[in-house]
Amino acid sequence: MKVSIIGAGSFGTTMAIVAARAGHDVLLWAHDPSVADGIRRARRNPIYMPTIELDARIAATHSLAEAAEFSESLFMVVPSHHYRRVLAEVASHLRGRVDVISGTKGIENETLETMSQVSSQVLGEKLRGFAVLSGPTFALEAARGDPTVAVVASTDDDFASAAQGMLSGGTFRLYRTNDVVGVELAGSLKNVIAIAAGVVEGLGLGSNTNAALVTRGLHEMTKLGMALGGRLETFAGLAGMGDLVLTCTGALSRNRRVGVELGRGKTLEQILGETREVAEGVKTAKAAQALAERHRIEMPITTEMYRVLYEKESAPAAIQRLMTRSLKAEFAR
């Protein structure tokens, strides 16, 4: 089988590795032509995954037209704020209907829509099937073959099963569900909590604080996710609790690293200027805050992270406000 992977960052490169291990031919599209050239010449992604040699089944291109013509199966792994534009350009080169799997963990800021909604709008009748893949998946660990488990969601059970079978192997295992909304929102919202977890470390606070943050953060994610149509068990599963624990505790988390630097006193502009990789939680904090206000859902950790990121509030003041809120029951009846 042939697969076009749109996005050659660390996770896109990893999914190319996973697909090649499963026996598929892969064309990996890179926005940066130097990345595509590096993969062709050295069999490595020179910027995002330089330590991992790429299988001969993986080819690279800077041409979206070439990627669109290569396969009827598209794996979209681009940042949420570029997803609509890139997919629209891909669509202009399509000759027929396509299946789309999204590995993007974000919400479009301007519309507050998820990538399933964006995909449907952009592709229309050209969209044959849609699925989203999410879960506790640090790119480097999955790429080097550490046993990794995630979930793939589609409202089409047959397509979910096909995607599950297409990518599962000896080191990468997928479960399936039909809760697309829950999986998309869990994968997006956990990044905001992960930035907060980084702030906790950057401030020099300990395990008590981190455990409380993760637990109450999951509560916030679940409230908003269920209000928007997701299911409780999804937030208790791989896309929710699993990915949240990983990104709040693991040193490879880009979102957590942003929070650590915020806690140490750097500005957001300084932090983002020092890396080429995207921390989706920065933009998702804005979308999550807007969704919480729209649906009148109290999300205090998300609100404080929005203030720190966009209103230049101090991290210690945010912690103090969280600790001095009015007392209430742990679970509202």
# chains A, B, ... in the order shown; residues from 1 in each chain; ligands from 1
>>> residues_around(residues="region 54-58 of chain A", least_positions_apart="6", cutoff="6 Å", atoms="only C-alpha atoms", output="short mmCIF file (atom, residue, chain, number, x, y, z; two decimals) with C-alpha atoms, in the first residue's frame")
data_model
loop_
_atom_site.label_atom_id
_atom_site.label_comp_id
_atom_site.auth_asym_id
_atom_site.auth_seq_id
_atom_site.Cartn_x
_atom_site.Cartn_y
_atom_site.Cartn_z
CA ALA A 20 7.32 1.67 6.38
CA ASP A 25 5.61 2.66 0.56
CA VAL A 26 5.66 6.21 1.92
CA LEU A 27 6.05 9.63 0.36
CA ARG A 43 18.28 8.84 4.59
CA ARG A 44 17.71 10.97 7.71
#
>>> select_by_dssp(residues="region 109-188 of chain A", states="strand (DSSP E)", output="list in words")
Leu127, Arg128, Gly129, Phe130, Ala131, Val132, Leu133, Ser134, Thr148, Val149, Ala150, Val151, Val152, Ala153, Phe172, Arg173, Leu174, Tyr175, Arg176 and Thr177 of chain A
>>> write_last_selection(atoms="N, CA and C atoms", output="PDB file, in the first residue's frame")
ATOM      1  N   LEU A 127     -13.684  13.747   0.242  1.00  0.00           N
ATOM      2  CA  LEU A 127     -13.301  13.034   1.468  1.00  0.00           C
ATOM      3  C   LEU A 127     -14.067  11.723   1.555  1.00  0.00           C
ATOM      4  N   ARG A 128     -13.352  10.621   1.402  1.00  0.00           N
ATOM      5  CA  ARG A 128     -13.978   9.298   1.443  1.00  0.00           C
ATOM      6  C   ARG A 128     -14.093   8.791   2.874  1.00  0.00           C
ATOM      7  N   GLY A 129     -13.044   8.963   3.658  1.00  0.00           N
ATOM      8  CA  GLY A 129     -13.057   8.523   5.046  1.00  0.00           C
ATOM      9  C   GLY A 129     -12.139   9.397   5.869  1.00  0.00           C
ATOM     10  N   PHE A 130     -12.466   9.564   7.155  1.00  0.00           N
ATOM     11  CA  PHE A 130     -11.621  10.372   8.039  1.00  0.00           C
ATOM     12  C   PHE A 130     -11.393   9.622   9.338  1.00  0.00           C
ATOM     13  N   ALA A 131     -10.157   9.720   9.834  1.00  0.00           N
ATOM     14  CA  ALA A 131      -9.824   9.164  11.146  1.00  0.00           C
ATOM     15  C   ALA A 131      -8.814  10.084  11.810  1.00  0.00           C
ATOM     16  N   VAL A 132      -8.751  10.030  13.129  1.00  0.00           N
ATOM     17  CA  VAL A 132      -7.752  10.783  13.879  1.00  0.00           C
ATOM     18  C   VAL A 132      -6.967   9.800  14.732  1.00  0.00           C
ATOM     19  N   LEU A 133      -5.648   9.964  14.758  1.00  0.00           N
ATOM     20  CA  LEU A 133      -4.766   9.114  15.556  1.00  0.00           C
ATOM     21  C   LEU A 133      -4.168   9.960  16.671  1.00  0.00           C
ATOM     22  N   SER A 134      -4.272   9.460  17.897  1.00  0.00           N
ATOM     23  CA  SER A 134      -3.748  10.212  19.029  1.00  0.00           C
ATOM     24  C   SER A 134      -3.403   9.244  20.150  1.00  0.00           C
ATOM     25  N   THR A 148       4.881   1.255  21.652  1.00  0.00           N
ATOM     26  CA  THR A 148       4.045   2.455  21.723  1.00  0.00           C
ATOM     27  C   THR A 148       2.613   2.086  21.380  1.00  0.00           C
ATOM     28  N   VAL A 149       1.661   2.641  22.143  1.00  0.00           N
ATOM     29  CA  VAL A 149       0.246   2.325  21.959  1.00  0.00           C
ATOM     30  C   VAL A 149      -0.540   3.624  21.815  1.00  0.00           C
ATOM     31  N   ALA A 150      -1.449   3.662  20.845  1.00  0.00           N
ATOM     32  CA  ALA A 150      -2.276   4.843  20.612  1.00  0.00           C
ATOM     33  C   ALA A 150      -3.677   4.393  20.224  1.00  0.00           C
ATOM     34  N   VAL A 151      -4.506   5.348  19.839  1.00  0.00           N
ATOM     35  CA  VAL A 151      -5.882   5.043  19.461  1.00  0.00           C
ATOM     36  C   VAL A 151      -6.198   5.746  18.149  1.00  0.00           C
ATOM     37  N   VAL A 152      -6.984   5.099  17.305  1.00  0.00           N
ATOM     38  CA  VAL A 152      -7.440   5.710  16.058  1.00  0.00           C
ATOM     39  C   VAL A 152      -8.963   5.746  16.092  1.00  0.00           C
ATOM     40  N   ALA A 153      -9.526   6.913  15.744  1.00  0.00           N
ATOM     41  CA  ALA A 153     -10.975   7.114  15.852  1.00  0.00           C
ATOM     42  C   ALA A 153     -11.561   7.491  14.506  1.00  0.00           C
ATOM     43  N   PHE A 172       4.292  -0.906  17.415  1.00  0.00           N
ATOM     44  CA  PHE A 172       3.292   0.161  17.386  1.00  0.00           C
ATOM     45  C   PHE A 172       1.913  -0.489  17.323  1.00  0.00           C
ATOM     46  N   ARG A 173       1.111  -0.276  18.372  1.00  0.00           N
ATOM     47  CA  ARG A 173      -0.188  -0.928  18.474  1.00  0.00           C
ATOM     48  C   ARG A 173      -1.288   0.124  18.570  1.00  0.00           C
ATOM     49  N   LEU A 174      -2.330  -0.042  17.772  1.00  0.00           N
ATOM     50  CA  LEU A 174      -3.461   0.878  17.790  1.00  0.00           C
ATOM     51  C   LEU A 174      -4.720   0.198  18.309  1.00  0.00           C
ATOM     52  N   TYR A 175      -5.451   0.896  19.163  1.00  0.00           N
ATOM     53  CA  TYR A 175      -6.822   0.540  19.483  1.00  0.00           C
ATOM     54  C   TYR A 175      -7.739   1.414  18.635  1.00  0.00           C
ATOM     55  N   ARG A 176      -9.021   1.081  18.559  1.00  0.00           N
ATOM     56  CA  ARG A 176      -9.930   1.872  17.739  1.00  0.00           C
ATOM     57  C   ARG A 176     -11.160   2.293  18.536  1.00  0.00           C
ATOM     58  N   THR A 177     -11.782   3.371  18.090  1.00  0.00           N
ATOM     59  CA  THR A 177     -12.994   3.901  18.700  1.00  0.00           C
ATOM     60  C   THR A 177     -13.742   4.699  17.639  1.00  0.00           C
TER      61      THR A 177
END
>>> closest_residue(among="A:Asn210, A:Lys312, A:Arg41, A:Met1", to="Ala162 (chain A)", atoms="only C-alpha atoms")
A:Met1
>>> closest_residue(among="A:Pro316, A:Gly145, A:Gly281, A:Gly23", to="Asn109 (chain A)", atoms="only C-alpha atoms")
A:Gly281
>>> residues_around(residues="Thr215 (chain A)", least_positions_apart="3", cutoff="12 Å", atoms="only C-alpha atoms", output="list in words")
Lys190, Ile193, Ala194, Ala197, Asn208, Thr209, Asn210, Ala211, Ala212, Leu218, His219, Glu220, Met221, Thr222, Phe235, Ala236, Gly240, Met241, Leu244, Val245, Cys248, Ile301 and Glu330 of chain A
>>> closest_residue(among="A:Thr111, A:Ser102, A:Ser207, A:Ser10", to="Ile52 (chain A)", atoms="only C-alpha atoms")
A:Ser10
>>> decode(residues="region 160-306 of chain A", atoms="C-alpha atoms", output="short mmCIF file (atom, residue, chain, number, x, y, z; two decimals), in the first residue's frame")
data_model
loop_
_atom_site.label_atom_id
_atom_site.label_comp_id
_atom_site.auth_asym_id
_atom_site.auth_seq_id
_atom_site.Cartn_x
_atom_site.Cartn_y
_atom_site.Cartn_z
CA ALA A 160 -11.16 2.67 11.80
CA SER A 161 -10.40 -1.05 11.51
CA ALA A 162 -8.53 -0.53 8.25
CA ALA A 163 -6.39 2.26 9.69
CA GLN A 164 -5.75 0.18 12.79
CA GLY A 165 -4.54 -2.74 10.73
CA MET A 166 -2.54 -0.57 8.34
CA LEU A 167 -0.27 0.92 11.01
CA SER A 168 -0.12 -1.66 13.81
CA GLY A 169 2.96 -3.84 14.12
CA GLY A 170 5.45 -5.31 16.52
CA THR A 171 6.35 -1.99 18.15
CA PHE A 172 3.29 0.16 17.39
CA ARG A 173 -0.19 -0.93 18.47
CA LEU A 174 -3.46 0.88 17.79
CA TYR A 175 -6.82 0.54 19.48
CA ARG A 176 -9.93 1.87 17.74
CA THR A 177 -12.99 3.90 18.70
CA ASN A 178 -15.75 5.89 16.99
CA ASP A 179 -15.41 8.89 19.33
CA VAL A 180 -13.72 11.27 16.90
CA VAL A 181 -14.70 14.40 18.86
CA GLY A 182 -13.39 13.02 22.15
CA VAL A 183 -10.07 11.87 20.70
CA GLU A 184 -9.48 15.18 18.89
CA LEU A 185 -10.30 17.30 21.92
CA ALA A 186 -8.35 15.13 24.35
CA GLY A 187 -5.25 15.30 22.16
CA SER A 188 -5.56 19.07 21.87
CA LEU A 189 -6.55 20.12 25.38
CA LYS A 190 -3.90 18.05 27.16
CA ASN A 191 -1.22 20.28 25.63
CA VAL A 192 -2.47 23.26 27.63
CA ILE A 193 -2.22 21.27 30.86
CA ALA A 194 1.25 20.10 29.83
CA ILE A 195 2.44 23.71 29.59
CA ALA A 196 1.06 24.24 33.09
CA ALA A 197 2.97 21.15 34.29
CA GLY A 198 6.13 22.66 32.88
CA VAL A 199 5.43 25.89 34.75
CA VAL A 200 5.20 23.87 37.96
CA GLU A 201 8.67 22.43 37.34
CA GLY A 202 10.08 25.77 36.26
CA LEU A 203 8.92 27.30 39.54
CA GLY A 204 10.67 24.54 41.48
CA LEU A 205 7.46 23.04 42.87
CA GLY A 206 7.19 19.36 43.69
CA SER A 207 5.25 16.18 43.05
CA ASN A 208 2.23 17.18 45.16
CA THR A 209 1.60 20.16 42.92
CA ASN A 210 2.15 18.20 39.72
CA ALA A 211 -0.21 15.39 40.74
CA ALA A 212 -2.93 17.88 41.61
CA LEU A 213 -2.44 19.69 38.32
CA VAL A 214 -2.66 16.53 36.22
CA THR A 215 -5.78 15.31 38.05
CA ARG A 216 -7.67 18.59 37.93
CA GLY A 217 -6.45 19.18 34.39
CA LEU A 218 -8.01 15.90 33.30
CA HIS A 219 -11.23 16.99 34.99
CA GLU A 220 -11.26 20.21 32.95
CA MET A 221 -10.53 18.41 29.70
CA THR A 222 -13.31 15.92 30.35
CA LYS A 223 -15.91 18.58 31.17
CA LEU A 224 -15.32 20.50 27.97
CA GLY A 225 -14.91 17.38 25.87
CA MET A 226 -18.20 15.89 27.02
CA ALA A 227 -20.00 19.20 26.52
CA LEU A 228 -18.87 19.11 22.90
CA GLY A 229 -19.97 15.50 22.36
CA GLY A 230 -17.00 13.40 23.48
CA ARG A 231 -17.36 10.38 25.75
CA LEU A 232 -16.15 9.98 29.33
CA GLU A 233 -14.22 6.77 28.63
CA THR A 234 -12.19 8.49 25.90
CA PHE A 235 -10.80 10.97 28.42
CA ALA A 236 -9.97 8.11 30.79
CA GLY A 237 -8.17 6.28 27.98
CA LEU A 238 -5.09 6.58 25.79
CA ALA A 239 -6.03 9.86 24.08
CA GLY A 240 -6.97 11.48 27.39
CA MET A 241 -5.28 10.31 30.57
CA GLY A 242 -2.55 8.39 28.73
CA ASP A 243 -1.38 11.32 26.62
CA LEU A 244 -1.86 13.78 29.47
CA VAL A 245 0.39 11.82 31.84
CA LEU A 246 3.04 11.49 29.12
CA THR A 247 3.16 15.16 28.17
CA CYS A 248 2.98 16.41 31.75
CA THR A 249 5.85 14.23 32.99
CA GLY A 250 8.07 13.38 30.02
CA ALA A 251 11.20 15.35 29.21
CA LEU A 252 10.55 15.07 25.45
CA SER A 253 7.32 17.10 25.65
CA ARG A 254 7.60 20.34 23.67
CA ASN A 255 4.62 21.85 25.48
CA ARG A 256 6.06 21.01 28.88
CA ARG A 257 9.38 22.58 27.87
CA VAL A 258 7.58 25.82 27.01
CA GLY A 259 6.06 25.81 30.50
CA VAL A 260 9.40 25.12 32.19
CA GLU A 261 10.92 28.17 30.52
CA LEU A 262 7.89 30.30 31.41
CA GLY A 263 8.24 29.22 35.03
CA ARG A 264 11.91 30.23 34.95
CA GLY A 265 11.00 33.71 33.81
CA LYS A 266 11.44 33.74 30.05
CA THR A 267 8.85 35.45 27.87
CA LEU A 268 6.76 33.48 25.39
CA GLU A 269 8.40 35.37 22.52
CA GLN A 270 11.88 34.35 23.72
CA ILE A 271 10.85 30.70 24.08
CA LEU A 272 9.21 30.38 20.67
CA GLY A 273 12.09 32.18 19.02
CA GLU A 274 14.53 29.52 20.24
CA THR A 275 12.89 26.51 18.55
CA ARG A 276 11.65 25.42 15.13
CA GLU A 277 9.24 22.89 16.59
CA VAL A 278 5.60 23.77 17.27
CA ALA A 279 4.12 23.56 20.76
CA GLU A 280 0.42 23.24 19.89
CA GLY A 281 -0.67 24.04 23.45
CA VAL A 282 0.25 27.70 23.01
CA LYS A 283 -2.41 28.29 20.37
CA THR A 284 -4.79 25.73 21.88
CA ALA A 285 -4.88 27.72 25.15
CA LYS A 286 -6.57 30.53 23.25
CA ALA A 287 -9.06 28.21 21.53
CA ALA A 288 -9.80 26.28 24.73
CA GLN A 289 -10.46 29.49 26.66
CA ALA A 290 -12.84 30.68 23.93
CA LEU A 291 -14.68 27.33 23.90
CA ALA A 292 -14.98 27.34 27.70
CA GLU A 293 -16.50 30.82 27.59
CA ARG A 294 -18.84 29.88 24.75
CA HIS A 295 -20.15 26.84 26.62
CA ARG A 296 -19.98 28.45 30.09
CA ILE A 297 -17.68 25.79 31.48
CA GLU A 298 -15.32 26.66 34.31
CA MET A 299 -11.74 25.65 33.41
CA PRO A 300 -9.53 27.45 35.93
CA ILE A 301 -6.17 25.89 34.93
CA THR A 302 -6.81 26.63 31.26
CA THR A 303 -7.87 30.18 32.11
CA GLU A 304 -4.71 30.81 34.11
CA MET A 305 -2.52 29.43 31.34
CA TYR A 306 -4.30 31.72 28.87
#
